[in-house]
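The next block holds one structure in the form of structure tokens; read it before the comments.
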Amino acid sequence: MIDYEKRTLNCFIAQICDAYRSNKAVTFEQGEGFTYEQLLKGIIEFDKILTEAGIGRGDKVALLAVNSPWWSVAYFSVTAFGRIVVPILPDFMPADVENILKHSESKALFVSSAMYHKNKSVIESLPGLKYFCIDGARPLSPDGQWATLSFDEFNTRTDAVSFDEAVTGVKNQPIDSDDLAAIIYTSGTTGSSKGVMLSHGNLVSNVISARVIPPQPENIDVSQNATLSILPLSHTYECTIGMLTTLNRGCHIHYLSKPLSPATLIPVMQRVRPGIMLSVPLLVEKIYRKSILTTINKKALTRTLYRFPPTRKLLNRVAGKKMYKLFGGNLVFFGIGGAPLAPDVEVFLREGKFPYCLGYGLTETSPLVVGANAAEQRFRATGHYIDEVEVRIADADPKTGEGEIQVKGPNVMKGYFKDPERTAEAFTEDGWFRTGDLGVFKKNHLYICGRLKNMILGPSGENIYPESIEAMINEFEFVEDSLIVEDEKKSLTALVHLNMDEVKKKFGDSAQAAGDYIKTIINDVNKRLSNFSKITKSEHQQEPFEKTATHKIKRFLYRRDGKGGKK
């Protein structure tokens, strides 16, 4: 493992590029991209372009682009020279992009062609904003076209750069670990976005803490150091764990050259054969429910056998082997985070012996708080303590041990940008960060109960966790998503979004079909719930729920208690 001279991103990138100089670093799945040497030289070139444009230390530079090898070059050209990066999620609407660019006071923008055309009116309306095509850091040409560079053209341009001088020059930048490195705007599930300020020390400390979780390079085959990145790099989960932590290992990161879909992903996994991969629960849940479970339910025999644990385990083991081969047959670490994983899907992964690992974290914690590798994974747990990160359960219930998860450590943010009031609210008087999540430790493993803001009090003060009820509903065959909300009378309502194509195939194309099917689901679920947490009403949610980048439903949009929601 590399021992960094300072916990700063300039030291980080200079030292890993020096250590793994000839290795492939970041490429598209077909191989076009950069070695570690070319990556560092490219960072020097991007810095030169920013400097010539008058963008210097302390200036904010936004980054609006889908994943690509260029993204890493742009990210480090900003952070390694004392500038502050503002990653923007590609899924954000133009109004959100405009708000972020203005609020962050960004002076420059690296943007991909597709994102430029989507947000053209916003980008061109901001006075003084300098913007560059991320593919080679070229400005807009006089005829209004992007002057992109191919990887070969760009690498030829940077060949003249002395690598040894580049290492020394980047490593010796006058940056301290407490200096601000990034402002990351969360989409949030409970309201407006906040600009999370992360320092160099926040990010590098989290890399150091997280590097003990996947199997170490010396313990696995070199080929298993290939990684496949499918989550947006503008989210701290993929940026820190998917990019920084894997570069720290000398990994070869592959990016998709086409939009993510089963048709594009499966061939790439077969070709890349990744050893490490990160995902959100939605991807695994879709594979399980729409492929594996559908296949099992097609035949009466397997459908019946799946109801009994011994035969279910055998069927899951067979299906797990097939899924492992589908993912390339080389995985040693498949990290799942960003949202809760459905219990029935986790049962399948465990019984299928798929090398999954759950973690827990937030943007405000850079993000990792606890984690585990496949050998250490416990059912429904999100991981165990990691180095340097302290976790406590505050105001724990004396009977259950459940309370708010609070965090302290070098990974915890500096605060919210230009928002001292919400920054103060986020911390306790003794300096612990309030996550807003409820959890409990059992044998040093953290179990998440739900969001503090989502928790509903039962008629006699009982704690009702809507996420647990939603997980039961989501187990049903044609359910895409569900949400439990409380109405003004303190009753529970289930909003259920169905796969209507499948419902029509099964029950016919009648207006009553969806409602009847949902009633059947609720009746079944209520039999498994305590009296204080039973569902009183149900609604067919015809449109998909609006979600955040990590596929969490934006709950505040669907309130039924008269305190908000869609109009």
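Convention: chains lettered A, B, ... in structure tokens order; per-chain residue numbering from 1; ligands numbered from 1 as shown.
Excluding A:Tyr237 itself and any same-chain residue fewer than 2 positions from it, the protein and nucleic acid residues within 8 Å of it, counting only C-alpha atoms, are Leu233, His235, Cys239, Thr240, Ile241, Gly242, Gly337, Gly338, Thr363, Ser366, Pro367 and Leu368 of chain A.
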So that I can see what lies close to stretch 452-469 of chain A, please list as a JSON list (two decimals) with all heavy atoms, in the first residue's frame the residues with an atom at most 6 Å from it, counting only C-alpha atoms and leaving out residues fewer than 4 positions away in the same chain.
```json
[["chain", "number", "residue", "atom", "x", "y", "z"],
["A", 436, "GLY", "N", -29.15, 11.17, 10.55],
["A", 436, "GLY", "CA", -30.59, 11.12, 10.31],
["A", 436, "GLY", "C", -31.08, 9.71, 10.06],
["A", 436, "GLY", "O", -32.27, 9.49, 9.80],
["A", 437, "ASP", "N", -30.17, 8.72, 10.13],
["A", 437, "ASP", "CA", -30.55, 7.32, 9.94],
["A", 437, "ASP", "C", -30.62, 6.62, 11.29],
["A", 437, "ASP", "O", -29.86, 6.92, 12.21],
["A", 437, "ASP", "CB", -29.54, 6.60, 9.05],
["A", 437, "ASP", "CG", -29.60, 7.07, 7.61],
["A", 437, "ASP", "OD1", -30.72, 7.27, 7.12],
["A", 437, "ASP", "OD2", -28.54, 7.26, 6.99],
["A", 438, "LEU", "N", -31.51, 5.66, 11.38],
["A", 438, "LEU", "CA", -31.66, 4.86, 12.59],
["A", 438, "LEU", "C", -30.98, 3.51, 12.40],
["A", 438, "LEU", "O", -31.12, 2.87, 11.35],
["A", 438, "LEU", "CB", -33.14, 4.66, 12.91],
["A", 438, "LEU", "CG", -33.90, 5.91, 13.35],
["A", 438, "LEU", "CD1", -35.40, 5.69, 13.24],
["A", 438, "LEU", "CD2", -33.52, 6.28, 14.77],
["A", 484, "ILE", "N", -44.77, 3.75, 1.54],
["A", 484, "ILE", "CA", -45.72, 3.82, 2.65],
["A", 484, "ILE", "C", -45.75, 5.26, 3.17],
["A", 484, "ILE", "O", -44.70, 5.82, 3.53],
["A", 484, "ILE", "CB", -45.34, 2.86, 3.80],
["A", 484, "ILE", "CG1", -45.38, 1.41, 3.31],
["A", 484, "ILE", "CG2", -46.28, 3.05, 4.99],
["A", 484, "ILE", "CD1", -46.76, 0.93, 2.90],
["A", 532, "PHE", "N", -50.32, -2.47, 14.96],
["A", 532, "PHE", "CA", -50.09, -1.03, 14.91],
["A", 532, "PHE", "C", -49.47, -0.56, 13.59],
["A", 532, "PHE", "O", -49.43, 0.63, 13.31],
["A", 532, "PHE", "CB", -49.20, -0.57, 16.08],
["A", 532, "PHE", "CG", -47.81, -1.18, 16.09],
["A", 532, "PHE", "CD1", -46.79, -0.67, 15.30],
["A", 532, "PHE", "CD2", -47.53, -2.25, 16.93],
["A", 532, "PHE", "CE1", -45.53, -1.22, 15.32],
["A", 532, "PHE", "CE2", -46.25, -2.81, 16.96],
["A", 532, "PHE", "CZ", -45.26, -2.29, 16.15]]
```
Of the listed residues A:Phe81, A:Phe110, A:Phe354, A:Tyr116, that which approaches A:Ala62 most closely, counting only C-alpha atoms |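 The shortest atom-to-atom distance to A:Ala62 comes from A:Phe110.
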Polymer residues at most 10 Å from A:Thr168, only C-alpha atoms, same-chain spacing of 2 or more positions, as a list in words |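 Counting only C-alpha atoms, the residues come to Cys11, Ala14, Gln15, Asp18, Phe163, Asp164, Glu165, Ala166, Val170, Lys171, Asn172 and Gln173 of chain A.
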Shortest interatomic distance to A:Ile88 - which of A:Val61, A:Leu256, A:Ile522, A:Val485, counting only C-alpha atoms | A:Val61
Out of stretch 208-440 of chain A, which residues get helix (DSSP H, G or I) from DSSP, as a ChimeraX atom specification?
-> /A:208-210,217-219,222-225,236-247,262-272,281-298,300-305,309-326,343-351,363-365,420-425
Rounded to one decimal place, report the atom CA of A:Lys290-atom CA of A:Arg451 distance in Å.
-> 28.2 Å
Determine, using only C-alpha atoms, which residues of stretch 157-196 of chain A have any atom at most 9 Å from an atom of stretch 408-427 of chain A, and tabulate each with its shortest atom pair and distance in Å to one decimal place, rows ordered by chain and then rising number, as CSV.
```
residue,atom,partner,partner_atom,distance
A:Asp178,CA,A:Lys414,CA,8.6
A:Leu180,CA,A:Lys414,CA,8.2
A:Ile183,CA,A:Phe417,CA,7.4
A:Lys194,CA,A:Tyr416,CA,6.3
A:Gly195,CA,A:Phe417,CA,5.1
A:Val196,CA,A:Tyr416,CA,4.8
```
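Counting from atom CA of A:Pro355, the distance to atom CA of A:Ser279 is 12.6 Å.
The nearest approach to A:Val284 among the residues A:Asn297, A:Glu29, A:Ala342, A:Lys322, with only C-alpha atoms taken into account, belongs to A:Ala342.
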Hey, what's within 10 Å of stretch 389-392 of chain A if we count only C-alpha atoms and toss same-chain stuff fewer than 4 positions away? As a PDB file with N, CA and C atoms, in the first residue's frame, please?
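Final file, result-v7.pdb:
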```
ATOM      1  N   SER A 205      -8.605  10.344   3.355  1.00  0.00           N
ATOM      2  CA  SER A 205      -8.739   9.506   4.553  1.00  0.00           C
ATOM      3  C   SER A 205      -9.740   8.387   4.313  1.00  0.00           C
ATOM      4  N   ASN A 206     -10.811   8.674   3.558  1.00  0.00           N
ATOM      5  CA  ASN A 206     -11.804   7.640   3.286  1.00  0.00           C
ATOM      6  C   ASN A 206     -11.242   6.562   2.370  1.00  0.00           C
ATOM      7  N   SER A 209      -9.181   4.424   4.667  1.00  0.00           N
ATOM      8  CA  SER A 209     -10.051   3.581   5.507  1.00  0.00           C
ATOM      9  C   SER A 209     -10.687   2.455   4.700  1.00  0.00           C
ATOM     10  N   THR A 365     -20.078  12.081   4.533  1.00  0.00           N
ATOM     11  CA  THR A 365     -19.007  11.310   5.161  1.00  0.00           C
ATOM     12  C   THR A 365     -18.036  10.748   4.126  1.00  0.00           C
ATOM     13  N   LEU A 368     -17.936   6.627   2.910  1.00  0.00           N
ATOM     14  CA  LEU A 368     -18.044   5.364   3.652  1.00  0.00           C
ATOM     15  C   LEU A 368     -17.994   5.557   5.168  1.00  0.00           C
ATOM     16  N   VAL A 369     -18.945   4.911   5.857  1.00  0.00           N
ATOM     17  CA  VAL A 369     -18.996   4.897   7.325  1.00  0.00           C
ATOM     18  C   VAL A 369     -18.660   3.505   7.849  1.00  0.00           C
ATOM     19  N   VAL A 370     -19.312   2.478   7.298  1.00  0.00           N
ATOM     20  CA  VAL A 370     -18.988   1.085   7.625  1.00  0.00           C
ATOM     21  C   VAL A 370     -19.005   0.277   6.330  1.00  0.00           C
ATOM     22  N   HIS A 384     -19.009  -3.356   9.129  1.00  0.00           N
ATOM     23  CA  HIS A 384     -18.452  -3.201  10.469  1.00  0.00           C
ATOM     24  C   HIS A 384     -17.611  -1.927  10.529  1.00  0.00           C
ATOM     25  N   TYR A 385     -17.069  -1.666  11.699  1.00  0.00           N
ATOM     26  CA  TYR A 385     -16.220  -0.489  11.882  1.00  0.00           C
ATOM     27  C   TYR A 385     -15.043  -0.512  10.907  1.00  0.00           C
ATOM     28  N   ALA A 396     -30.331   5.686  22.175  1.00  0.00           N
ATOM     29  CA  ALA A 396     -30.767   4.321  21.844  1.00  0.00           C
ATOM     30  C   ALA A 396     -31.964   3.903  22.687  1.00  0.00           C
ATOM     31  N   GLY A 403     -31.171   3.566  17.605  1.00  0.00           N
ATOM     32  CA  GLY A 403     -31.064   5.008  17.794  1.00  0.00           C
ATOM     33  C   GLY A 403     -30.447   5.642  16.569  1.00  0.00           C
ATOM     34  N   GLU A 404     -30.223   6.958  16.648  1.00  0.00           N
ATOM     35  CA  GLU A 404     -29.649   7.653  15.486  1.00  0.00           C
ATOM     36  C   GLU A 404     -28.173   7.317  15.336  1.00  0.00           C
ATOM     37  N   ILE A 405     -27.767   7.024  14.106  1.00  0.00           N
ATOM     38  CA  ILE A 405     -26.362   6.769  13.785  1.00  0.00           C
ATOM     39  C   ILE A 405     -25.649   8.115  13.694  1.00  0.00           C
ATOM     40  N   GLN A 406     -24.597   8.272  14.480  1.00  0.00           N
ATOM     41  CA  GLN A 406     -23.802   9.495  14.454  1.00  0.00           C
ATOM     42  C   GLN A 406     -22.342   9.142  14.197  1.00  0.00           C
ATOM     43  N   VAL A 407     -21.639  10.033  13.479  1.00  0.00           N
ATOM     44  CA  VAL A 407     -20.306   9.717  12.965  1.00  0.00           C
ATOM     45  C   VAL A 407     -19.318  10.823  13.321  1.00  0.00           C
ATOM     46  N   LYS A 408     -18.092  10.408  13.632  1.00  0.00           N
ATOM     47  CA  LYS A 408     -16.996  11.349  13.832  1.00  0.00           C
ATOM     48  C   LYS A 408     -15.748  10.756  13.187  1.00  0.00           C
ATOM     49  N   GLY A 409     -14.950  11.608  12.535  1.00  0.00           N
ATOM     50  CA  GLY A 409     -13.728  11.123  11.920  1.00  0.00           C
ATOM     51  C   GLY A 409     -13.224  12.076  10.859  1.00  0.00           C
ATOM     52  N   PRO A 410     -12.054  11.784  10.283  1.00  0.00           N
ATOM     53  CA  PRO A 410     -11.471  12.664   9.257  1.00  0.00           C
ATOM     54  C   PRO A 410     -12.234  12.652   7.942  1.00  0.00           C
ATOM     55  N   ASN A 411     -13.201  11.747   7.813  1.00  0.00           N
ATOM     56  CA  ASN A 411     -14.011  11.664   6.591  1.00  0.00           C
ATOM     57  C   ASN A 411     -15.231  12.580   6.626  1.00  0.00           C
ATOM     58  N   VAL A 412     -15.540  13.182   7.772  1.00  0.00           N
ATOM     59  CA  VAL A 412     -16.766  13.975   7.910  1.00  0.00           C
ATOM     60  C   VAL A 412     -16.571  15.362   7.311  1.00  0.00           C
ATOM     61  N   TRP A 432     -20.371  15.466  16.830  1.00  0.00           N
ATOM     62  CA  TRP A 432     -20.689  14.281  16.018  1.00  0.00           C
ATOM     63  C   TRP A 432     -21.665  14.671  14.912  1.00  0.00           C
ATOM     64  N   PHE A 433     -21.471  14.075  13.728  1.00  0.00           N
ATOM     65  CA  PHE A 433     -22.367  14.338  12.603  1.00  0.00           C
ATOM     66  C   PHE A 433     -23.634  13.507  12.741  1.00  0.00           C
ATOM     67  N   GLY A 439     -30.254   3.087  13.425  1.00  0.00           N
ATOM     68  CA  GLY A 439     -29.569   1.811  13.302  1.00  0.00           C
ATOM     69  C   GLY A 439     -29.280   1.189  14.651  1.00  0.00           C
ATOM     70  N   VAL A 440     -28.692  -0.011  14.591  1.00  0.00           N
ATOM     71  CA  VAL A 440     -28.320  -0.725  15.812  1.00  0.00           C
ATOM     72  C   VAL A 440     -27.088  -1.574  15.487  1.00  0.00           C
ATOM     73  N   PHE A 441     -26.161  -1.680  16.439  1.00  0.00           N
ATOM     74  CA  PHE A 441     -25.001  -2.547  16.287  1.00  0.00           C
ATOM     75  C   PHE A 441     -25.281  -3.896  16.933  1.00  0.00           C
ATOM     76  N   LEU A 446     -23.275  -3.104  11.751  1.00  0.00           N
ATOM     77  CA  LEU A 446     -24.321  -2.089  11.796  1.00  0.00           C
ATOM     78  C   LEU A 446     -25.515  -2.511  10.942  1.00  0.00           C
TER      79      LEU A 446
END
```
Could you pull out all residues of stretch 231-407 of chain A with a DSSP call of strand (DSSP E) and give them as a count of residues only?
-> 33
